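The file input-v7.csv contains CSV, C-alpha atoms:
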chain,number,residue,atom,x,y,z
A,15,MET,CA,-33.0,26.8,45.7
A,16,PRO,CA,-31.3,25.2,48.7
A,17,PHE,CA,-27.5,24.6,48.2
A,18,PRO,CA,-24.9,22.9,50.3
A,19,TYR,CA,-22.7,25.0,52.5
A,20,VAL,CA,-19.7,25.6,50.2
A,21,LEU,CA,-16.2,25.7,51.8
A,22,LEU,CA,-13.3,26.6,49.7
A,23,SER,CA,-9.9,25.2,50.9
A,24,ALA,CA,-6.5,26.2,49.5
A,25,ALA,CA,-2.9,26.8,50.4
A,26,VAL,CA,-0.9,29.5,48.7
A,27,SER,CA,2.5,31.1,48.6
A,28,LEU,CA,3.0,34.7,49.8
A,29,ASP,CA,2.7,35.7,46.1
A,30,GLY,CA,-0.6,33.8,45.7
A,31,CYS,CA,0.6,30.7,43.9
A,32,LEU,CA,-1.0,27.3,44.3
A,33,ASP,CA,2.1,25.5,42.9
A,34,ASP,CA,5.2,26.2,40.9
A,35,THR,CA,5.9,24.9,37.3
A,36,GLY,CA,8.3,22.1,38.3
A,37,PRO,CA,7.5,18.4,37.7
A,38,GLU,CA,6.8,17.7,41.4
A,39,ARG,CA,4.0,19.1,43.5
A,40,LEU,CA,5.1,22.0,45.6
A,41,LEU,CA,4.3,21.3,49.2
A,42,LEU,CA,3.1,24.5,50.7
A,43,SER,CA,2.2,23.3,54.2
A,44,GLY,CA,3.4,20.6,56.6
A,45,PRO,CA,2.1,17.6,58.6
A,46,ALA,CA,0.1,19.6,61.1
A,47,ASP,CA,-1.9,21.4,58.4
A,48,PHE,CA,-2.3,18.2,56.4
A,49,ASP,CA,-3.9,16.7,59.5
A,50,ARG,CA,-6.2,19.8,59.9
A,51,VAL,CA,-7.3,19.3,56.2
A,52,ASP,CA,-8.0,15.6,57.0
A,53,GLU,CA,-10.2,16.7,59.9
A,54,VAL,CA,-12.1,19.1,57.7
A,55,ARG,CA,-12.6,16.3,55.1
A,56,ALA,CA,-14.0,14.0,57.7
A,57,SER,CA,-16.5,16.7,58.7
A,58,VAL,CA,-18.1,17.2,55.3
A,59,ASP,CA,-20.5,15.2,53.1
A,60,ALA,CA,-18.5,15.7,49.8
A,61,ILE,CA,-15.2,16.9,48.5
A,62,LEU,CA,-14.9,18.5,45.1
A,63,VAL,CA,-12.0,19.1,42.8
A,64,GLY,CA,-11.8,20.2,39.1
A,65,ALA,CA,-10.7,18.0,36.3
A,66,GLY,CA,-7.5,20.0,36.0
A,67,THR,CA,-6.5,19.1,39.6
A,68,ILE,CA,-7.1,15.4,38.8
A,69,ARG,CA,-4.8,15.6,35.7
A,70,ALA,CA,-2.1,17.7,37.5
A,71,ASP,CA,-2.0,16.1,40.9
A,72,ASN,CA,-3.7,12.7,40.6
A,73,PRO,CA,-5.2,13.1,44.2
A,74,ARG,CA,-6.9,10.3,46.2
A,75,LEU,CA,-8.9,12.7,48.4
A,76,LEU,CA,-9.2,10.4,51.3
A,77,VAL,CA,-9.9,10.7,55.0
A,78,ASN,CA,-6.6,9.3,56.2
A,79,SER,CA,-7.2,8.9,59.9
A,80,PRO,CA,-8.8,5.5,60.8
A,81,GLU,CA,-10.3,7.1,63.9
A,82,ARG,CA,-12.0,9.8,61.9
A,83,ARG,CA,-13.4,7.3,59.4
A,84,ALA,CA,-14.6,5.1,62.3
A,85,ALA,CA,-16.3,8.1,63.8
A,86,ARG,CA,-18.1,8.8,60.5
A,87,VAL,CA,-19.3,5.2,60.4
A,88,ALA,CA,-20.4,5.3,64.0
A,89,ALA,CA,-22.5,8.4,63.2
A,90,GLY,CA,-24.3,6.5,60.4
A,91,ARG,CA,-22.3,8.2,57.6
A,92,PRO,CA,-20.3,6.6,54.8
A,93,GLU,CA,-16.6,5.9,55.7
A,94,TYR,CA,-15.5,8.5,53.1
A,95,PRO,CA,-17.2,11.6,51.8
A,96,LEU,CA,-18.6,11.6,48.3
A,97,LYS,CA,-15.9,12.6,45.8
A,98,VAL,CA,-17.0,15.0,43.2
A,99,THR,CA,-15.3,16.4,40.0
A,100,VAL,CA,-16.4,18.7,37.3
A,101,SER,CA,-15.3,18.5,33.6
A,102,GLY,CA,-16.9,20.2,30.6
A,103,SER,CA,-15.2,17.9,28.2
A,104,GLY,CA,-15.5,14.6,30.1
A,105,GLU,CA,-11.9,13.8,29.1
A,106,LEU,CA,-10.5,12.2,32.2
A,107,ASP,CA,-8.1,9.3,32.7
A,108,PRO,CA,-10.0,6.2,33.8
A,109,ALA,CA,-6.8,5.0,35.7
A,110,ALA,CA,-6.6,8.1,37.9
A,111,ASN,CA,-6.5,7.6,41.7
A,112,PHE,CA,-9.7,9.6,42.1
A,113,TRP,CA,-11.8,6.8,40.6
A,114,HIS,CA,-10.2,3.9,42.5
A,115,THR,CA,-9.9,5.0,46.1
A,116,GLY,CA,-12.4,6.0,48.7
A,117,GLY,CA,-16.1,5.7,48.5
A,118,GLU,CA,-18.7,6.9,46.0
A,119,LYS,CA,-17.8,9.3,43.1
A,120,VAL,CA,-19.8,11.6,40.8
A,121,LEU,CA,-18.8,13.5,37.7
A,122,TYR,CA,-20.7,16.6,36.7
A,123,THR,CA,-20.3,17.5,33.0
A,124,THR,CA,-22.0,18.7,29.9
A,125,ASP,CA,-24.2,16.6,27.6
A,126,ARG,CA,-21.3,16.1,25.2
A,127,GLY,CA,-18.9,15.4,28.1
A,128,ALA,CA,-21.3,12.8,29.5
A,129,GLU,CA,-21.2,10.8,26.2
A,130,ARG,CA,-17.4,10.9,26.2
A,131,ALA,CA,-17.1,9.9,29.9
A,132,ARG,CA,-19.5,7.0,29.6
A,133,ARG,CA,-17.6,5.7,26.6
A,134,ALA,CA,-14.4,5.9,28.6
A,135,GLY,CA,-15.9,3.7,31.3
A,136,LEU,CA,-15.1,5.9,34.2
A,137,ALA,CA,-15.9,4.3,37.6
A,138,THR,CA,-18.4,7.0,38.6
A,139,ASP,CA,-22.0,8.3,38.4
A,140,VAL,CA,-22.1,10.7,35.4
A,141,VAL,CA,-24.5,13.7,35.7
A,142,ALA,CA,-25.0,15.8,32.6
A,143,LEU,CA,-26.0,19.4,33.4
A,144,GLY,CA,-26.9,20.5,29.9
A,145,PRO,CA,-25.0,22.1,27.0
A,146,GLU,CA,-22.9,24.1,29.5
A,147,LEU,CA,-21.7,23.6,33.0
A,148,ASP,CA,-24.0,25.3,35.5
A,149,TRP,CA,-22.8,25.7,39.1
A,150,ARG,CA,-26.2,26.4,40.5
A,151,LEU,CA,-27.7,23.3,38.9
A,152,LEU,CA,-24.7,21.3,40.2
A,153,LEU,CA,-25.1,22.5,43.8
A,154,GLU,CA,-28.9,22.0,43.7
A,155,HIS,CA,-28.4,18.4,42.5
A,156,LEU,CA,-25.8,17.7,45.2
A,157,HIS,CA,-28.2,19.0,47.8
A,158,ASP,CA,-31.5,17.5,46.7
A,159,VAL,CA,-30.4,14.2,45.1
A,160,ARG,CA,-27.1,13.4,46.9
A,161,GLY,CA,-28.1,14.8,50.3
A,162,VAL,CA,-24.9,16.9,50.5
A,163,ARG,CA,-25.2,19.6,53.2
A,164,ARG,CA,-21.5,20.5,53.5
A,165,LEU,CA,-19.2,20.6,50.5
A,166,MET,CA,-15.4,21.1,50.6
A,167,VAL,CA,-13.8,22.4,47.5
A,168,GLU,CA,-10.1,21.7,47.1
A,169,GLY,CA,-9.4,23.4,43.8
A,170,GLY,CA,-8.1,24.3,41.5
A,171,GLY,CA,-7.9,28.0,41.0
A,172,THR,CA,-10.5,28.1,38.2
A,173,ILE,CA,-13.1,26.4,40.4
A,174,HIS,CA,-12.4,28.7,43.3
A,175,THR,CA,-12.6,31.7,41.1
A,176,GLN,CA,-15.9,30.7,39.5
A,177,LEU,CA,-17.6,29.9,42.8
A,178,LEU,CA,-16.5,33.2,44.3
A,179,GLN,CA,-17.5,35.2,41.3
A,180,GLN,CA,-20.9,33.6,41.2
A,181,GLU,CA,-21.3,34.3,45.0
A,182,LEU,CA,-21.7,30.6,45.8
A,183,ALA,CA,-18.9,30.2,48.4
A,184,ASP,CA,-19.9,30.3,52.0
A,185,GLU,CA,-16.4,30.2,53.5
A,186,LEU,CA,-12.8,30.5,52.4
A,187,GLN,CA,-10.2,28.6,54.4
A,188,LEU,CA,-6.8,30.0,53.2
A,189,VAL,CA,-3.4,28.7,54.3
A,190,LEU,CA,-0.6,31.2,53.7
A,191,ALA,CA,2.8,29.6,53.3
A,192,PRO,CA,6.1,31.5,54.0
A,193,LEU,CA,7.6,31.2,50.5
A,194,LEU,CA,7.6,33.0,47.2
A,195,VAL,CA,7.3,31.3,43.8
A,196,GLY,CA,7.9,34.2,41.5
A,197,ASP,CA,7.1,32.3,38.3
A,198,PRO,CA,4.6,34.2,36.1
A,199,ASP,CA,3.4,30.9,34.7
A,200,ALA,CA,2.7,29.3,38.0
A,201,PRO,CA,-1.0,28.6,38.8
A,202,ARG,CA,-2.7,31.1,41.0
A,203,LEU,CA,-5.6,30.8,43.4
A,204,PHE,CA,-7.8,33.5,41.9
A,205,GLY,CA,-8.1,34.6,38.4
A,206,PRO,CA,-9.2,38.0,37.0
A,207,GLY,CA,-12.9,38.9,36.5
A,208,ALA,CA,-15.8,40.5,38.3
A,209,TYR,CA,-16.1,39.7,42.0
A,210,GLN,CA,-18.8,40.8,44.3
A,211,GLY,CA,-17.9,44.0,46.1
A,212,GLY,CA,-17.4,44.5,49.9
A,213,ARG,CA,-14.9,43.1,52.3
A,214,LEU,CA,-14.9,39.5,53.5
A,215,ARG,CA,-15.2,39.0,57.2
A,216,LEU,CA,-12.2,37.4,58.9
A,217,THR,CA,-13.6,34.8,61.3
A,218,GLU,CA,-10.4,33.0,62.5
A,219,THR,CA,-6.6,33.2,62.2
A,220,ARG,CA,-4.5,30.3,63.5
A,221,ARG,CA,-0.7,29.6,63.4
A,222,ILE,CA,0.0,26.0,62.3
A,223,GLU,CA,3.7,25.3,62.5
A,224,ASP,CA,5.1,27.9,60.0
A,225,VAL,CA,1.9,28.6,58.0
A,226,VAL,CA,-1.1,30.7,59.0
A,227,LEU,CA,-4.7,29.6,58.5
A,228,MET,CA,-7.2,32.4,57.8
A,229,ARG,CA,-10.9,31.8,57.5
A,230,TYR,CA,-13.2,34.3,55.7
A,231,GLU,CA,-16.9,34.7,55.1
A,232,PRO,CA,-18.5,36.9,52.4
A,233,THR,CA,-20.6,39.8,53.7
A,234,ALA,CA,-22.1,41.6,50.6
A,235,PRO,CA,-25.8,40.7,50.1
A,236,GLY,CA,-27.3,39.4,46.9
A,237,VAL,CA,-29.0,41.7,44.4
A,238,ALA,CA,-32.8,41.6,43.8
A,239,ASP,CA,-34.0,38.0,43.8
A,240,ALA,CA,-30.5,36.5,43.3
A,241,VAL,CA,-29.2,34.7,46.5
A,242,ALA,CA,-25.6,35.2,47.5
A,243,ALA,CA,-23.8,33.1,50.1
A,244,ALA,CA,-23.7,36.1,52.4
A,245,ASP,CA,-27.5,36.1,52.5
A,246,ARG,CA,-27.4,32.8,54.3
A,247,HIS,CA,-24.9,34.1,56.9
A,248,TRP,CA,-26.9,37.2,57.7
A,249,LEU,CA,-30.2,35.3,57.9
A,250,ALA,CA,-28.5,32.8,60.3
A,251,LEU,CA,-27.6,35.8,62.5
A,252,ALA,CA,-31.1,37.1,62.4
A,253,CYS,CA,-32.3,33.6,63.6
A,254,GLU,CA,-29.7,33.7,66.4
A,255,LEU,CA,-31.0,37.2,67.5
A,256,ALA,CA,-34.6,35.8,67.7
A,257,ALA,CA,-33.4,33.5,70.5
A,258,LEU,CA,-32.5,36.6,72.5
A,259,CYS,CA,-36.1,37.8,72.7
A,260,PRO,CA,-37.9,37.8,76.1
A,261,PRO,CA,-40.4,34.9,75.9
A,262,SER,CA,-44.0,35.8,75.1
A,263,ARG,CA,-47.3,34.0,74.7
A,264,THR,CA,-48.8,36.7,72.6
A,265,ALA,CA,-46.1,37.6,70.1
A,266,PHE,CA,-43.4,35.9,68.0
A,267,SER,CA,-39.8,36.1,68.8
A,268,VAL,CA,-38.0,37.5,65.7
A,269,GLY,CA,-34.5,38.8,64.9
A,270,ALA,CA,-33.5,41.3,62.2
A,271,VAL,CA,-30.4,42.7,60.7
A,272,VAL,CA,-30.0,45.6,58.2
A,273,VAL,CA,-27.0,45.3,55.9
A,274,ALA,CA,-25.7,47.8,53.3
A,275,ALA,CA,-24.9,46.7,49.8
A,276,ASP,CA,-21.2,46.5,50.5
A,277,GLY,CA,-21.7,44.1,53.4
A,278,THR,CA,-21.6,46.7,56.2
A,279,GLU,CA,-24.0,45.9,59.1
A,280,LEU,CA,-26.1,49.0,59.7
A,281,ALA,CA,-28.1,47.7,62.7
A,282,ARG,CA,-29.6,44.7,64.3
A,283,GLY,CA,-32.6,44.2,66.6
A,284,HIS,CA,-35.0,41.7,68.1
A,285,SER,CA,-38.6,41.5,69.4
A,286,ARG,CA,-39.3,43.2,72.7
A,287,GLU,CA,-35.8,44.7,72.7
A,288,GLY,CA,-34.9,47.1,75.5
A,289,GLY,CA,-37.9,46.1,77.6
A,290,ASP,CA,-40.4,47.4,75.1
A,291,PRO,CA,-43.1,44.6,75.1
A,292,LEU,CA,-44.5,45.9,71.7
A,293,ALA,CA,-41.2,46.3,69.8
A,294,HIS,CA,-40.8,44.3,66.6
A,295,ALA,CA,-37.4,43.2,65.4
A,296,GLU,CA,-37.3,45.1,62.1
A,297,GLU,CA,-38.7,48.2,63.9
A,298,ALA,CA,-36.0,48.0,66.6
A,299,ALA,CA,-33.2,47.7,64.0
A,300,LEU,CA,-34.4,50.5,61.7
A,301,ALA,CA,-34.8,52.8,64.7
A,302,LYS,CA,-31.1,52.7,65.2
A,303,ILE,CA,-30.3,54.0,61.7
A,304,ASP,CA,-30.4,57.7,60.6
A,305,PRO,CA,-33.3,57.9,58.2
A,306,ALA,CA,-31.2,60.0,56.0
A,307,ASP,CA,-28.5,57.4,55.6
A,308,PRO,CA,-28.1,57.0,51.9
A,309,ARG,CA,-27.1,53.3,52.3
A,310,LEU,CA,-30.7,52.4,53.2
A,311,ARG,CA,-31.6,52.6,49.5
A,312,GLY,CA,-29.4,49.7,48.6
A,313,ALA,CA,-29.7,47.8,51.9
A,314,THR,CA,-31.2,44.4,52.7
A,315,VAL,CA,-33.3,43.6,55.7
A,316,TYR,CA,-32.8,40.1,57.1
A,317,SER,CA,-35.7,39.0,59.3
A,318,SER,CA,-36.2,35.5,60.8
A,319,LEU,CA,-40.0,35.9,60.2
A,320,GLU,CA,-41.7,37.6,57.3
A,321,PRO,CA,-42.2,41.3,58.2
A,322,CYS,CA,-45.8,42.0,59.4
A,323,ALA,CA,-48.3,43.6,57.1
A,324,ARG,CA,-50.8,44.4,59.9
A,325,ARG,CA,-50.4,45.0,63.6
A,326,ALA,CA,-52.6,46.4,66.4
A,327,SER,CA,-49.9,47.6,68.7
A,328,ARG,CA,-48.4,50.4,66.6
A,329,PRO,CA,-49.6,52.6,63.7
A,330,ALA,CA,-47.3,51.1,61.0
A,331,PRO,CA,-46.5,47.5,60.4
A,332,CYS,CA,-42.9,46.4,59.8
A,333,ALA,CA,-43.4,46.0,56.0
A,334,ARG,CA,-44.5,49.7,55.9
A,335,LEU,CA,-41.5,50.7,58.0
A,336,ILE,CA,-39.1,48.9,55.7
A,337,LEU,CA,-40.7,50.6,52.6
A,338,GLY,CA,-40.7,54.0,54.3
A,339,ALA,CA,-36.9,53.6,55.0
A,340,GLY,CA,-36.3,53.1,51.3
A,341,VAL,CA,-35.2,49.5,51.6
A,342,ARG,CA,-36.3,47.4,48.6
A,343,ARG,CA,-34.9,44.0,49.5
A,344,VAL,CA,-35.9,41.6,52.3
A,345,VAL,CA,-34.6,38.1,53.0
A,346,THR,CA,-36.6,35.9,55.4
A,347,ALA,CA,-36.7,32.4,56.6
A,348,TRP,CA,-40.4,31.8,57.4
A,349,ARG,CA,-43.7,33.1,56.2
A,350,GLU,CA,-45.9,34.4,59.0
A,351,PRO,CA,-48.5,31.8,60.1
A,352,ASP,CA,-52.1,32.7,61.0
A,353,THR,CA,-51.4,32.4,64.8
A,354,PHE,CA,-52.2,36.1,65.6
A,355,VAL,CA,-53.1,37.6,62.2
A,356,THR,CA,-55.1,35.7,59.6
A,357,ASP,CA,-53.9,35.9,56.0
A,358,ALA,CA,-50.8,37.7,57.0
A,359,ASP,CA,-48.9,38.7,53.8
A,360,GLY,CA,-46.1,41.0,54.5
A,361,SER,CA,-44.3,39.7,51.4
A,362,GLY,CA,-47.2,40.6,49.2
A,363,LEU,CA,-47.3,44.1,50.6
A,364,LEU,CA,-43.6,44.5,50.0
A,365,ALA,CA,-43.7,43.1,46.5
A,366,ALA,CA,-46.6,45.3,45.6
A,367,GLU,CA,-44.4,48.3,46.3
A,368,GLY,CA,-41.5,47.0,44.2
A,369,ALA,CA,-39.5,45.3,46.9
A,370,HIS,CA,-37.8,42.0,46.3
A,371,VAL,CA,-38.6,39.3,48.9
A,372,VAL,CA,-36.4,36.2,49.1
A,373,VAL,CA,-37.4,33.2,51.3
A,374,LEU,CA,-34.6,30.8,52.4
A,375,PRO,CA,-36.5,27.8,53.8
A,376,ASP,CA,-33.3,26.1,55.0
A,377,HIS,CA,-33.4,28.5,57.9
A,378,GLU,CA,-37.0,28.0,58.8
A,379,THR,CA,-36.3,25.4,61.6
A,380,ALA,CA,-33.9,27.9,63.3
A,381,ALA,CA,-36.5,30.7,63.0
A,382,LYS,CA,-39.2,28.6,64.5
A,383,ALA,CA,-37.1,27.3,67.4
A,384,PRO,CA,-37.8,30.2,69.9
A,385,ASN,CA,-41.5,30.1,68.9
A,386,ARG,CA,-42.3,26.4,69.3
A,387,HIS,CA,-44.6,27.1,72.2
A,388,LEU,CA,-46.8,29.2,69.9
A,389,LEU,CA,-47.1,26.6,67.1
A,390,PRO,CA,-49.6,23.7,66.8
A,391,GLY,CA,-48.3,20.2,67.4

Can you present the structure in this file as structure tokens?
Amino acid sequence: MPFPYVLLSAAVSLDGCLDDTGPERLLLSGPADFDRVDEVRASVDAILVGAGTIRADNPRLLVNSPERRAARVAAGRPEYPLKVTVSGSGELDPAANFWHTGGEKVLYTTDRGAERARRAGLATDVVALGPELDWRLLLEHLHDVRGVRRLMVEGGGTIHTQLLQQELADELQLVLAPLLVGDPDAPRLFGPGAYQGGRLRLTETRRIEDVVLMRYEPTAPGVADAVAAADRHWLALACELAALCPPSRTAFSVGAVVVAADGTELARGHSREGGDPLAHAEEAALAKIDPADPRLRGATVYSSLEPCARRASRPAPCARLILGAGVRRVVTAWREPDTFVTDADGSGLLAAEGAHVVVLPDHETAAKAPNRHLLPG
């Protein structure tokens, strides 16, 4: 299901602590970074914190800059992003700053927590997710009902840990502060547990006064039909590659990326690559990989358009090439229309041979962009 883009934001000490155990909040960064956070808040549709953060820090979670708030209004957006919190118990202080500052608020909780929250008279929309908290249901509701496309998560550590372990975080913005806490009871950013394998991709480092901002993206694909945040990143890249194709009136422009289970990119390609007017994207990418590479067995092929099941230009269609390479997982943005081949069903061919095909329709517009001249209307 479509989810918002989930951005985790945190500042930590050199030994990975979010705070110390003193009565006052430990300030890990300074004015310049606070202003950067304010800018990020102004760019998103919603800001989320856990109930523990509300209890410990009593945050307001506002966009402080009048200019940024004015720019949001001028763009037809609410002055403040939606404020979101999560509590299994529903036990929250009705007097907390969270409820009485900024714009709209929503609490996601359990069935039992919803009863408690409503009795307490919290100034918020209360959404019950069932007997247990379910992050996927929460994100789906934010996307489909609340229209949230970008979600900033500001903690605490339990929330960050759960979202990363469930492969739901699209980006981590981590600020490293030049101090050590050293207290074994201090709260930490990430807890123990099973995380997805593979290295995160470092996309930016920036010095801000005496702290360093580091931005990371996950790279490891999902497994079988389960969608990981990295799947969205790789499919977006495939759609970008489609825009590199030489234009054609007789063939689609498609981009493809082949990624190993640990997040290593094995190859990429696009239609008509290298001056070959007949080359398909998946074909071009797979041709760059040693057929004996054992990583192909656990790899995922990302293709902006569903791999073809039939073609006249070459003996084997791309779905057959993918299966022949040993790949059993494909992620695509767009099912092939009948423009050149009627009843095209590459997904059906792949599935019949035991492959998992995942369609992420949020990327369909980007996949269609270099092919608008071939589509009706």

Handout entry: All residues 12 Å or closer to A:Pro18, all atoms listed in the file, same chain fewer than 5 positions away omitted, as an MDAnalysis selection string
Key = chainID A and resid 58:61 149:167 182:185 243 246 376

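With distances taken over all atoms listed in the file, A:Gly104 is the one residue among A:Gly135, A:Gly104, A:Pro305, A:Gly288 lying closest to A:Leu147.
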
Using all atoms listed in the file, what table do you get, as CSV, when you list each residue of stretch 55-156 of chain A with an atom no more than 12 Å from stretch 23-33 of chain A, its nearest pair of atoms, and their distance in Å rounded to one decimal, rows by chain then rising number?
residue,atom,partner,partner_atom,distance
A:Arg55,CA,A:Ser23,CA,10.2
A:Ile61,CA,A:Ser23,CA,10.1
A:Leu62,CA,A:Ser23,CA,10.2
A:Val63,CA,A:Ser23,CA,10.4
A:Thr67,CA,A:Leu32,CA,10.9
A:Ala70,CA,A:Asp33,CA,10.4
A:Asp71,CA,A:Asp33,CA,10.4

Convert the current residue selection to file output with C-alpha atoms, as an mmCIF file, keeping the file's coordinate frame.
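Result file is out.cif:
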data_model
loop_
_atom_site.group_PDB
_atom_site.id
_atom_site.type_symbol
_atom_site.label_atom_id
_atom_site.label_comp_id
_atom_site.auth_asym_id
_atom_site.auth_seq_id
_atom_site.Cartn_x
_atom_site.Cartn_y
_atom_site.Cartn_z
ATOM 1 C CA ARG A 55 -12.600 16.300 55.100
ATOM 2 C CA ILE A 61 -15.200 16.900 48.500
ATOM 3 C CA LEU A 62 -14.900 18.500 45.100
ATOM 4 C CA VAL A 63 -12.000 19.100 42.800
ATOM 5 C CA THR A 67 -6.500 19.100 39.600
ATOM 6 C CA ALA A 70 -2.100 17.700 37.500
ATOM 7 C CA ASP A 71 -2.000 16.100 40.900
#

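Nearest residue to A:Tyr230, choosing from A:Leu186, A:Val140, A:Ala265, A:Ala208 and counting only C-alpha atoms: A:Leu186.
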
Handout entry: For A:Ala56: contacts at 12 Å, all atoms listed in the file, fewer than 4 positions along chain excluded, given as a list in words
Key = Asp49, Arg50, Val51, Asp52, Ala60, Ile61, Leu75, Leu76, Val77, Asn78, Ser79, Pro80, Glu81, Arg82, Arg83, Ala84, Ala85, Arg86, Val87, Ala89, Arg91, Pro92, Glu93, Tyr94, Pro95, Leu96, Arg164, Leu165 and Met166 of chain A

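Nearest to A:Gly171 of all the residues A:Val189, A:Leu22, A:Pro73, A:Ala250 is A:Leu22, based on all atoms listed in the file.
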